[in-house]
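File shown: protein.pdb. Contents: PDB, C-alpha atoms.
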MODEL        1
ATOM      1  CA  MET A  88       0.000   0.000   0.000  1.00  0.00           C
ATOM      2  CA  ALA A  89       2.776   2.437   0.903  1.00  0.00           C
ATOM      3  CA  GLU A  90       4.525   1.629  -2.390  1.00  0.00           C
ATOM      4  CA  ALA A  91       1.361   2.467  -4.319  1.00  0.00           C
ATOM      5  CA  LEU A  92       1.103   5.782  -2.490  1.00  0.00           C
ATOM      6  CA  GLY A  93       4.741   6.483  -3.299  1.00  0.00           C
ATOM      7  CA  ASP A  94       4.084   5.807  -6.986  1.00  0.00           C
ATOM      8  CA  ALA A  95       1.108   8.162  -6.947  1.00  0.00           C
ATOM      9  CA  GLU A  96       3.186  10.847  -5.258  1.00  0.00           C
ATOM     10  CA  ALA A  97       5.988  10.364  -7.794  1.00  0.00           C
ATOM     11  CA  ALA A  98       3.542  10.625 -10.718  1.00  0.00           C
ATOM     12  CA  ALA A  99       1.872  13.773  -9.364  1.00  0.00           C
ATOM     13  CA  PRO A 100       4.612  16.160 -10.613  1.00  0.00           C
ATOM     14  CA  ALA A 101       4.292  14.704 -14.117  1.00  0.00           C
ATOM     15  CA  ALA A 102       0.523  15.163 -14.137  1.00  0.00           C
ATOM     16  CA  GLU A 103       0.912  18.672 -12.723  1.00  0.00           C
ATOM     17  CA  ALA A 104       3.497  19.524 -15.380  1.00  0.00           C
ATOM     18  CA  ALA A 105       1.206  18.206 -18.117  1.00  0.00           C
ATOM     19  CA  SER A 106      -1.677  20.384 -16.970  1.00  0.00           C
ATOM     20  CA  GLU A 107       0.629  23.415 -16.617  1.00  0.00           C
ATOM     21  CA  GLY A 108       2.026  22.791 -20.106  1.00  0.00           C
ATOM     22  CA  GLU A 109      -1.443  22.574 -21.594  1.00  0.00           C
ATOM     23  CA  ALA A 110      -2.237  25.935 -20.029  1.00  0.00           C
ATOM     24  CA  THR A 111       0.888  27.440 -21.600  1.00  0.00           C
ATOM     25  CA  ALA A 112       0.275  25.961 -25.028  1.00  0.00           C
ATOM     26  CA  THR A 113       1.610  28.025 -27.876  1.00  0.00           C
ATOM     27  CA  GLY A 114      -0.402  29.211 -30.890  1.00  0.00           C
ATOM     28  CA  GLY A 115      -2.393  26.588 -32.749  1.00  0.00           C
ATOM     29  CA  GLY A 116      -2.913  24.533 -29.600  1.00  0.00           C
ATOM     30  CA  ASN A 117       0.580  23.037 -29.665  1.00  0.00           C
ATOM     31  CA  PRO A 118       1.814  22.187 -26.171  1.00  0.00           C
ATOM     32  CA  ASP A 119       4.977  23.832 -24.856  1.00  0.00           C
ATOM     33  CA  TYR A 120       7.112  20.700 -24.537  1.00  0.00           C
ATOM     34  CA  GLU A 121      10.019  22.615 -23.037  1.00  0.00           C
ATOM     35  CA  ASP A 122       7.737  23.649 -20.192  1.00  0.00           C
ATOM     36  CA  LEU A 123       6.178  20.187 -19.898  1.00  0.00           C
ATOM     37  CA  LEU A 124       9.452  18.277 -19.858  1.00  0.00           C
ATOM     38  CA  GLY A 125      11.804  20.918 -18.436  1.00  0.00           C
ATOM     39  CA  GLY A 126      12.537  22.236 -15.001  1.00  0.00           C
ATOM     40  CA  ASP A 127      15.316  21.667 -12.539  1.00  0.00           C
ATOM     41  CA  ARG A 128      13.956  18.258 -11.520  1.00  0.00           C
ATOM     42  CA  ARG A 129      14.324  16.828 -15.043  1.00  0.00           C
ATOM     43  CA  LEU A 130      17.064  16.448 -17.629  1.00  0.00           C
ATOM     44  CA  ASN A 131      17.877  19.663 -19.490  1.00  0.00           C
ATOM     45  CA  ILE A 132      18.331  19.933 -23.269  1.00  0.00           C
ATOM     46  CA  GLU A 133      22.089  19.249 -23.132  1.00  0.00           C
ATOM     47  CA  GLN A 134      21.588  16.194 -20.932  1.00  0.00           C
ATOM     48  CA  LEU A 135      18.771  14.888 -23.140  1.00  0.00           C
ATOM     49  CA  GLY A 136      21.017  15.365 -26.172  1.00  0.00           C
ATOM     50  CA  CYS A 137      23.694  13.250 -24.528  1.00  0.00           C
ATOM     51  CA  VAL A 138      21.171  10.500 -23.746  1.00  0.00           C
ATOM     52  CA  LEU A 139      19.871  10.538 -27.322  1.00  0.00           C
ATOM     53  CA  GLN A 140      23.402  10.435 -28.791  1.00  0.00           C
ATOM     54  CA  THR A 141      24.294   7.344 -26.780  1.00  0.00           C
ATOM     55  CA  LEU A 142      20.919   5.562 -26.751  1.00  0.00           C
ATOM     56  CA  ASP A 143      21.394   3.442 -29.892  1.00  0.00           C
ATOM     57  CA  ALA A 144      24.841   2.274 -28.758  1.00  0.00           C
ATOM     58  CA  SER A 145      23.492   1.449 -25.292  1.00  0.00           C
ATOM     59  CA  ILE A 146      20.646  -0.598 -26.743  1.00  0.00           C
ATOM     60  CA  ALA A 147      22.979  -2.379 -29.192  1.00  0.00           C
ATOM     61  CA  SER A 148      25.370  -3.228 -26.370  1.00  0.00           C
ATOM     62  CA  ILE A 149      22.634  -4.614 -24.141  1.00  0.00           C
ATOM     63  CA  THR A 150      20.948  -6.631 -26.908  1.00  0.00           C
ATOM     64  CA  GLU A 151      24.139  -7.849 -28.626  1.00  0.00           C
ATOM     65  CA  LYS A 152      23.602 -11.460 -27.481  1.00  0.00           C
ATOM     66  CA  HIS A 153      20.072 -11.671 -28.876  1.00  0.00           C
ATOM     67  CA  PRO A 154      19.838 -14.245 -31.683  1.00  0.00           C
ATOM     68  CA  GLU A 155      17.683 -12.036 -33.950  1.00  0.00           C
ATOM     69  CA  PRO A 156      19.151  -9.732 -36.609  1.00  0.00           C
ATOM     70  CA  ILE A 157      19.755  -6.256 -35.179  1.00  0.00           C
ATOM     71  CA  GLU A 158      16.797  -4.691 -37.011  1.00  0.00           C
ATOM     72  CA  GLN A 159      14.423  -7.244 -35.413  1.00  0.00           C
ATOM     73  CA  ARG A 160      15.697  -6.976 -31.844  1.00  0.00           C
ATOM     74  CA  ALA A 161      13.505  -5.663 -29.068  1.00  0.00           C
ATOM     75  CA  LEU A 162      14.324  -4.973 -25.449  1.00  0.00           C
ATOM     76  CA  LEU A 163      13.208  -7.534 -22.936  1.00  0.00           C
ATOM     77  CA  PHE A 164      11.445  -6.102 -19.883  1.00  0.00           C
ATOM     78  CA  TRP A 165      14.491  -6.014 -17.591  1.00  0.00           C
ATOM     79  CA  GLU A 166      16.713  -4.738 -20.404  1.00  0.00           C
ATOM     80  CA  PHE A 167      14.736  -1.501 -20.429  1.00  0.00           C
ATOM     81  CA  PHE A 168      16.083  -0.820 -16.943  1.00  0.00           C
ATOM     82  CA  GLU A 169      19.597  -1.725 -18.045  1.00  0.00           C
ATOM     83  CA  VAL A 170      19.317   0.849 -20.860  1.00  0.00           C
ATOM     84  CA  LEU A 171      17.963   3.401 -18.387  1.00  0.00           C
ATOM     85  CA  MET A 172      20.952   2.882 -16.076  1.00  0.00           C
ATOM     86  CA  GLN A 173      23.428   2.895 -18.958  1.00  0.00           C
ATOM     87  CA  SER A 174      21.961   6.190 -20.171  1.00  0.00           C
ATOM     88  CA  CYS A 175      22.476   7.628 -16.690  1.00  0.00           C
ATOM     89  CA  ARG A 176      26.049   6.287 -16.633  1.00  0.00           C
ATOM     90  CA  GLU A 177      26.758   7.991 -19.978  1.00  0.00           C
ATOM     91  CA  LEU A 178      25.955  11.362 -18.403  1.00  0.00           C
ATOM     92  CA  VAL A 179      28.763  10.960 -15.848  1.00  0.00           C
ATOM     93  CA  PRO A 180      31.832  11.183 -18.140  1.00  0.00           C
ATOM     94  CA  ALA A 181      30.150  13.213 -20.883  1.00  0.00           C
ATOM     95  CA  LEU A 182      28.838  16.039 -18.710  1.00  0.00           C
ATOM     96  CA  GLY A 183      30.588  15.529 -15.386  1.00  0.00           C
ATOM     97  CA  MET A 184      27.377  14.639 -13.575  1.00  0.00           C
ATOM     98  CA  GLN A 185      27.222  12.446 -10.516  1.00  0.00           C
ATOM     99  CA  LEU A 186      25.323   9.187 -11.003  1.00  0.00           C
ATOM    100  CA  HIS A 187      23.200   9.842  -7.920  1.00  0.00           C
ATOM    101  CA  ASP A 188      22.068  13.116  -9.557  1.00  0.00           C
ATOM    102  CA  ALA A 189      21.507  11.676 -13.038  1.00  0.00           C
ATOM    103  CA  ILE A 190      19.188   8.838 -11.973  1.00  0.00           C
ATOM    104  CA  PRO A 191      16.394  10.935 -10.390  1.00  0.00           C
ATOM    105  CA  LEU A 192      16.572  13.473 -13.251  1.00  0.00           C
ATOM    106  CA  MET A 193      16.153  10.652 -15.775  1.00  0.00           C
ATOM    107  CA  VAL A 194      13.284   9.085 -13.826  1.00  0.00           C
ATOM    108  CA  GLN A 195      11.432  12.404 -13.490  1.00  0.00           C
ATOM    109  CA  THR A 196      11.911  13.083 -17.213  1.00  0.00           C
ATOM    110  CA  LEU A 197      10.485   9.667 -18.084  1.00  0.00           C
ATOM    111  CA  LEU A 198       7.548  10.183 -15.705  1.00  0.00           C
ATOM    112  CA  ALA A 199       6.794  13.531 -17.356  1.00  0.00           C
ATOM    113  CA  PHE A 200       6.935  11.925 -20.817  1.00  0.00           C
ATOM    114  CA  ILE A 201       4.669   9.068 -19.703  1.00  0.00           C
ATOM    115  CA  GLY A 202       2.256  11.680 -18.338  1.00  0.00           C
ATOM    116  CA  LEU A 203       2.176  13.288 -21.787  1.00  0.00           C
ATOM    117  CA  MET A 204       1.510   9.899 -23.361  1.00  0.00           C
ATOM    118  CA  ASP A 205      -1.334   9.250 -20.905  1.00  0.00           C
ATOM    119  CA  GLU A 206      -2.866  12.616 -21.858  1.00  0.00           C
ATOM    120  CA  GLY A 207      -2.591  11.708 -25.563  1.00  0.00           C
ATOM    121  CA  MET A 208      -0.204  14.607 -26.215  1.00  0.00           C
ATOM    122  CA  VAL A 209       2.561  12.405 -27.681  1.00  0.00           C
ATOM    123  CA  GLU A 210       2.697   8.959 -29.252  1.00  0.00           C
ATOM    124  CA  LEU A 211       5.461   6.447 -29.602  1.00  0.00           C
ATOM    125  CA  PRO A 212       6.345   5.524 -33.176  1.00  0.00           C
ATOM    126  CA  PRO A 213       5.337   2.019 -34.258  1.00  0.00           C
ATOM    127  CA  ALA A 214       7.869  -0.676 -33.512  1.00  0.00           C
ATOM    128  CA  PRO A 215      10.015  -1.682 -36.505  1.00  0.00           C
ATOM    129  CA  GLY A 216       8.269  -4.452 -38.404  1.00  0.00           C
ATOM    130  CA  ALA A 217       5.078  -4.101 -36.338  1.00  0.00           C
ATOM    131  CA  GLU A 218       2.928  -3.209 -39.335  1.00  0.00           C
ATOM    132  CA  SER A 219       4.148  -6.144 -41.423  1.00  0.00           C
ATOM    133  CA  ALA A 220       3.546  -8.468 -38.464  1.00  0.00           C
ATOM    134  CA  ILE A 221       0.003  -7.120 -38.113  1.00  0.00           C
ATOM    135  CA  ASP A 222      -0.684  -7.422 -41.846  1.00  0.00           C
ATOM    136  CA  GLY A 223       0.895 -10.879 -41.989  1.00  0.00           C
ATOM    137  CA  GLY A 224      -1.099 -12.060 -39.011  1.00  0.00           C
ATOM    138  CA  ALA A 225      -4.375 -11.009 -40.659  1.00  0.00           C
ATOM    139  CA  ASP A 226      -3.561 -13.006 -43.788  1.00  0.00           C
ATOM    140  CA  GLU A 227      -2.674 -16.123 -41.823  1.00  0.00           C
ATOM    141  CA  GLY A 228      -5.704 -15.855 -39.569  1.00  0.00           C
ATOM    142  CA  GLY A 229      -8.153 -17.098 -42.207  1.00  0.00           C
ATOM    143  CA  GLY A 230      -8.733 -13.903 -44.138  1.00  0.00           C
ATOM    144  CA  GLU A 231     -10.923 -13.840 -47.238  1.00  0.00           C
ATOM    145  CA  GLN A 232      -9.727 -15.861 -50.182  1.00  0.00           C
ATOM    146  CA  ALA A 233     -10.462 -15.023 -53.806  1.00  0.00           C
TER     147      ALA A 233
ENDMDL
END
Would you mind giving the structure from this file in structure tokens?
Amino acid sequence: MAEALGDAEAAAPAAEAASEGEATATGGGNPDYEDLLGGDRRLNIEQLGCVLQTLDASIASITEKHPEPIEQRALLFWEFFEVLMQSCRELVPALGMQLHDAIPLMVQTLLAFIGLMDEGMVELPPAPGAESAIDGGADEGGGEQA
């Protein structure tokens, strides 16, 4: 029960940021993502850039023992957390951050992004090969024959 309360408390800043960002939307109804994802409790633009520059290499390193070709690999559940930690570790030498500072900034940034996803303000791109798997599955499932 206490853990659930802790999760709700941790998610509250993300929900609050999402509602604040909606209120500060720019012209045309576009949300102010810098406001929604920024702040001193989250990664800044330079830190996010570092994470994005090293993300593909981190994922490749963690999934290198998978038997699938690289373009068909997907992270297993626990590997997501390995990538998260590796991304935090990359911030230490690149930007001189302390690991104990990088981890909560990364977590708060992810919580804010998840809050935006929950509000329908952002979407993840489809997984590579997901559309062909969906189309292929429909054909094999007894679709109409001519």
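Minimum atom-to-atom distances from A:Leu203, A:Leu171, A:Ile190, A:Leu211 to Thr141 (chain A) were compared using only C-alpha atoms, and the lowest value belongs to A:Leu171.
Distances to Pro191 (chain A) were evaluated for A:Cys175, A:Cys137, A:Ala147, A:Ile157 using only C-alpha atoms, and the minimum falls at A:Cys175.
The coordinates place CA of Gln185 (chain A) at 21.2 Å from CA of Phe167 (chain A).
Using only C-alpha atoms for every distance, the candidate list A:Glu177, A:Asp127, A:Asp188, A:Glu210 yields A:Glu177 as the residue closest to Ala144 (chain A).
Relative to CA of Phe164 (chain A), CA of Ile146 (chain A) is found at 12.7 Å.
Here CA of Leu192 (chain A) is placed at a distance of 4.4 Å from CA of Arg129 (chain A).
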* To do: Between A:Gly136, A:Pro213, A:Pro156, A:Gly126, single out the one closest to Ala181 (chain A), counting all atoms listed in the file.
  => A:Gly136
* Which one is closest to Glu169 (chain A): A:Leu135, A:Leu142, A:Ala189, A:Ile149? Count all atoms listed in the file. -> A:Ile149
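Restricting the calculation to all atoms listed in the file, the smallest distance between Ser145 (chain A) and any of A:Tyr120, A:Gln159, A:Gly125, A:Met172 is found for A:Met172.
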